[in-house]
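**Student:** This is the structure I have questions about; it appears just below.
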Amino acid sequence: MTKYCLTVACETKRGIVAAIATFLAEHGCNITDSSQFDDTETGQFFMRVSFTSEEGVAQAALEEEFAAIGDEFGMTFAFHDESVKMKVVIMVSRFGHCLNDLLYRVRIGALPVEIVAVISNHMDYQKVVVNNDIPFHCIKVTKENKPEAEAAIMKVVEDAGAELIVLARYMQILSDEMCTKMSGRIINIHHSFLPSFKGANPYKQAFARGVKLIGATSHYVTADLDEGPIIEQDIVRITHAQSPEDYVSLGRDVESQVLARAIHAHANHRVFLNGNKTVVFQASPGSYSSERMG
C-alpha cells in the first residue's frame, strides 16, 4: 500500500477536518497520523494527514478529485508520496561540520532526502563529497562576479531537479532575487547569539561576556539577513570553566543537530509558513527510524 501525506492551509472554517476525513474514507484511504493547528490570531488553519491508499488510488486521481474540496474551502493543498525522497542541494564554505553530519545521516537513511549536488566557493570538501558519489561544484563568488555565480548556482539546482537548498555554513550572502525565487525553499543555520554578537569570532565575543547558553537557529532564507521564519532551535549549557574553543566545539554540535532537524521537518512536509513564523508539526511515528546504523 502506498503511503501519502496531505498538507492543507486555508482560512479557518467549520467542517474542514470532516471534509478531509470523509474524502479519504470514501477513496479507500486509512488515516495513520494527523496534526492540525488553528491560529486564532491570524485566522489560518493548517493540517497534515498521513494515510495509506488501501485500494491503490493513484496520487493524480486523489489530487484531481480533492480539488473540489480545495476550492470550497479556499485551500492551498498538496499530496505527497512519502516513499519519494526530496532532492536537495547543499552549499558549504570552509566549515564542514554540518555537511559531514548531513552526509552521514543521509547515508544511514536518517534523513528522507537525496543530496543531488554540493556547491562550494572553496575546494576543501571536494574529496569527501565525491567519495560519497555526489557531484561537487566549486563556484567562486566575488563582488564582481556575483550575478554570474548565482546564475551558475541556479543552473546546478535546476539541472539537478532540486526542491531545496541547504546552506550548511555557506558564508556568502544571497541576492534578494535568489531569495525571492527560492522563497520557502532555502534553509540556513547559524549561531543564536544574534543580534548581540555580530561579525567575526562570535564565540569569543560570547566568552568575553560570560554567556551561559550556546544555541543555534535554522530558518528559511529571506532578503532580510538571518531574519527569516524560524524552523528549529536548540541550546546547550556552558559554564565559566569552559574556554572559547569549548564554545566553538559545542556550537558546532548544536548547529549540526538543529540543521538536521529542520531539514527532516521540511522534507517530511511538516513545516507551514504562517506569515513571519512557521507552524511545525511533530514527526509521524517511525519517521526518525534509520535504514542502518553505520
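To be explicit about the labels: the chains of the C-alpha cells are called A, B, and onward in the order shown, and within each one the residues are counted from 1, while ligands get numbers from 1 in the order they are shown.
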Which of segment 15-110 of chain A end up as helix (DSSP H, G or I) when DSSP is run on this backbone - answer as an MDAnalysis selection string?
**Tutor:** chainID A and resid 16:26 59:73 97:107
**Student:** May I have the residues within 8 Å of Val113 of chain A as a ChimeraX atom specification, using only C-alpha atoms and disregarding those fewer than 3 positions away in the same chain?
**Tutor:** /A:85-88,106,267
**Student:** List the spatial neighbours of segment 126-141 of chain A as number ranges by chain - criterion: any atom at most 12 Å away, only C-alpha atoms, same-chain residues fewer than 4 positions off excluded.
**Tutor:** A: 88-94, 96, 99-104, 106-107, 114-122, 145-157, 159-160, 170-175
**Student:** Might you pull out every residue within 10 Å of Phe73 of chain A, with only C-alpha atoms counted and same-chain residues fewer than 5 positions away left off, and present them as a ChimeraX atom specification?
**Tutor:** /A:9-16,19,68
**Student:** Keeping only N, CA, C and O atoms, take the residues you just selected and write them out as a compact mmCIF listing (two decimals), in the first residue's frame.
**Tutor:**
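Result file follows (again16.txt):
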# COMPACT_ATOMS: atom_id res chain seq x y z
N ALA A 9 -3.54 24.25 3.95
CA ALA A 9 -3.53 25.56 4.62
C ALA A 9 -4.66 26.39 4.03
O ALA A 9 -4.84 26.44 2.81
N CYS A 10 -5.42 27.04 4.91
CA CYS A 10 -6.54 27.87 4.45
C CYS A 10 -7.06 28.70 5.61
O CYS A 10 -6.60 28.56 6.75
N GLU A 11 -8.03 29.55 5.32
CA GLU A 11 -8.72 30.26 6.40
C GLU A 11 -9.55 29.25 7.19
O GLU A 11 -10.12 28.31 6.63
N THR A 12 -9.59 29.46 8.50
CA THR A 12 -10.32 28.51 9.33
C THR A 12 -11.83 28.60 9.08
O THR A 12 -12.39 29.68 8.99
N LYS A 13 -12.45 27.43 8.92
CA LYS A 13 -13.89 27.33 8.70
C LYS A 13 -14.39 26.04 9.34
O LYS A 13 -13.63 25.08 9.51
N ARG A 14 -15.63 26.02 9.68
CA ARG A 14 -16.23 24.80 10.21
C ARG A 14 -16.32 23.74 9.11
O ARG A 14 -16.67 24.03 7.97
N GLY A 15 -15.98 22.50 9.46
CA GLY A 15 -16.18 21.38 8.55
C GLY A 15 -14.96 20.94 7.77
O GLY A 15 -15.04 19.98 6.99
N ILE A 16 -13.80 21.60 7.94
CA ILE A 16 -12.61 21.24 7.16
C ILE A 16 -12.16 19.82 7.46
O ILE A 16 -11.95 19.00 6.56
N ALA A 19 -14.53 17.19 6.18
CA ALA A 19 -14.48 17.04 4.72
C ALA A 19 -13.28 16.22 4.30
O ALA A 19 -13.38 15.35 3.40
N ALA A 68 -12.16 19.87 -5.72
CA ALA A 68 -13.45 20.49 -5.42
C ALA A 68 -13.52 20.92 -3.95
O ALA A 68 -14.04 22.00 -3.62
**Student:** What lies within 8 Å of segment 25-30 of chain A using only C-alpha atoms, ignoring chain neighbours under 4 positions off, as a VMD selection string?
**Tutor:** chain A and resid 21 51 to 57
**Student:** Name the residues of segment 28-123 of chain A that fall into strand (DSSP E or B) according to DSSP on the backbone, using the chain letters and numbers of this document, as a PyMOL selection string.
**Tutor:** chain A and resi 29-39+44-53+76-81+86-92+113-120
**Student:** From the set A:Ala200, A:Ile20, A:Ala265, A:Ile187, which residue has the shortest atom-to-atom contact distance to Arg169 of chain A, counting only C-alpha atoms?
**Tutor:**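 The shortest atom-to-atom distance to Arg169 of chain A comes from A:Ile187.
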**Student:** With only C-alpha atoms as the basis for distance, which of A:Ala58, A:Leu213, A:Leu250, A:Ile263 is at the shortest distance from Ile186 of chain A?
**Tutor:**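 Among A:Ala58, A:Leu213, A:Leu250, A:Ile263, it is A:Ile263 that comes nearest to Ile186 of chain A.
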**Student:** Enter the distance from atom CA of Gly228 of chain A to atom CA of Ala168 of chain A, in Å, rounded to one decimal.
**Tutor:** 15.7 Å
**Student:** Interatomic distance between atom CA of Ile214 of chain A and atom CA of Val166 of chain A?
**Tutor:**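 Between these atoms lies a distance of 21.9 Å.
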**Student:** Could you give me, as a short mmCIF file (atom, residue, chain, number, x, y, z; two decimals) with N, CA and C atoms, in the first residue's frame, the residues within 9 Å of Ile235 of chain A, counting only C-alpha atoms and dropping anything in the same chain fewer than 5 positions from it?
**Tutor:**
data_model
loop_
_atom_site.label_atom_id
_atom_site.label_comp_id
_atom_site.auth_asym_id
_atom_site.auth_seq_id
_atom_site.Cartn_x
_atom_site.Cartn_y
_atom_site.Cartn_z
N SER A 192 22.94 31.27 17.62
CA SER A 192 21.81 32.07 18.12
C SER A 192 22.24 33.25 18.98
N LEU A 213 24.62 30.13 27.75
CA LEU A 213 23.89 29.28 26.82
C LEU A 213 24.44 29.48 25.42
N ILE A 214 24.69 28.37 24.72
CA ILE A 214 25.05 28.42 23.31
C ILE A 214 23.89 27.81 22.53
N GLY A 215 23.46 28.48 21.50
CA GLY A 215 22.33 27.99 20.74
C GLY A 215 22.56 28.06 19.25
N ALA A 216 21.62 27.48 18.51
CA ALA A 216 21.64 27.54 17.05
C ALA A 216 20.22 27.71 16.55
N GLY A 251 29.21 24.63 19.94
CA GLY A 251 28.40 25.30 18.93
C GLY A 251 28.28 24.49 17.65
N VAL A 254 25.63 21.66 18.23
CA VAL A 254 24.23 22.07 18.27
C VAL A 254 23.79 22.59 16.89
#
**Student:** What's around Arg270 of chain A at 8 Å? Count only C-alpha atoms, leave out sequence neighbours fewer than 5 positions away in its own chain, and write the answer as a PyMOL selection string.
**Tutor:** chain A and resi 48+265+279-283
**Student:** Please produce an output containing N, CA and C atoms for each residue in the selection, written as a PDB file, in the first residue's frame.
**Tutor:**
ATOM      1  N   ARG A  48      -1.881  18.455   8.522  1.00  0.00           N
ATOM      2  CA  ARG A  48      -1.070  17.442   7.830  1.00  0.00           C
ATOM      3  C   ARG A  48      -1.630  16.078   8.187  1.00  0.00           C
ATOM      4  N   ALA A 265      12.123  18.075   9.161  1.00  0.00           N
ATOM      5  CA  ALA A 265      10.765  18.619   9.221  1.00  0.00           C
ATOM      6  C   ALA A 265      10.300  19.080   7.844  1.00  0.00           C
ATOM      7  N   VAL A 279       4.551  27.073  11.363  1.00  0.00           N
ATOM      8  CA  VAL A 279       3.882  26.019  12.118  1.00  0.00           C
ATOM      9  C   VAL A 279       4.649  24.741  11.807  1.00  0.00           C
ATOM     10  N   VAL A 280       5.170  24.078  12.838  1.00  0.00           N
ATOM     11  CA  VAL A 280       5.955  22.862  12.647  1.00  0.00           C
ATOM     12  C   VAL A 280       5.301  21.730  13.433  1.00  0.00           C
ATOM     13  N   PHE A 281       4.719  20.777  12.725  1.00  0.00           N
ATOM     14  CA  PHE A 281       4.064  19.654  13.388  1.00  0.00           C
ATOM     15  C   PHE A 281       5.084  18.609  13.830  1.00  0.00           C
ATOM     16  N   GLN A 282       4.715  17.840  14.848  1.00  0.00           N
ATOM     17  CA  GLN A 282       5.562  16.759  15.339  1.00  0.00           C
ATOM     18  C   GLN A 282       5.725  15.683  14.272  1.00  0.00           C
ATOM     19  N   ALA A 283       6.834  14.963  14.344  1.00  0.00           N
ATOM     20  CA  ALA A 283       7.112  13.904  13.369  1.00  0.00           C
ATOM     21  C   ALA A 283       6.150  12.738  13.551  1.00  0.00           C
TER      22      ALA A 283
END
**Student:** Which value, in Å to one decimal, gives the distance between atom CA of Arg261 of chain A and atom CA of Ile238 of chain A?
**Tutor:** 22.1 Å
**Student:** Measuring atom to atom with only C-alpha atoms, identify which of A:Pro112, A:Gly199, A:Gly43, A:Gly70 is nearest to Thr7 of chain A.
**Tutor:**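 For Thr7 of chain A, the nearest of the given residues is A:Gly70.
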**Student:** Out of A:Lys3, A:Lys143, A:Arg105, A:Lys198, which residue has the shortest atom-to-atom distance to Tyr288 of chain A when counting only C-alpha atoms?
**Tutor:**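 Residue with the minimum atom-to-atom distance to Tyr288 of chain A: A:Arg105.
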**Student:** Pick from A:Ile165, A:Gln242, A:Met178, A:Ser256: nearest to His190 of chain A, with only C-alpha atoms counted?
**Tutor:**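 Checking each of A:Ile165, A:Gln242, A:Met178, A:Ser256 against His190 of chain A, counting only C-alpha atoms, the winner is A:Ser256.
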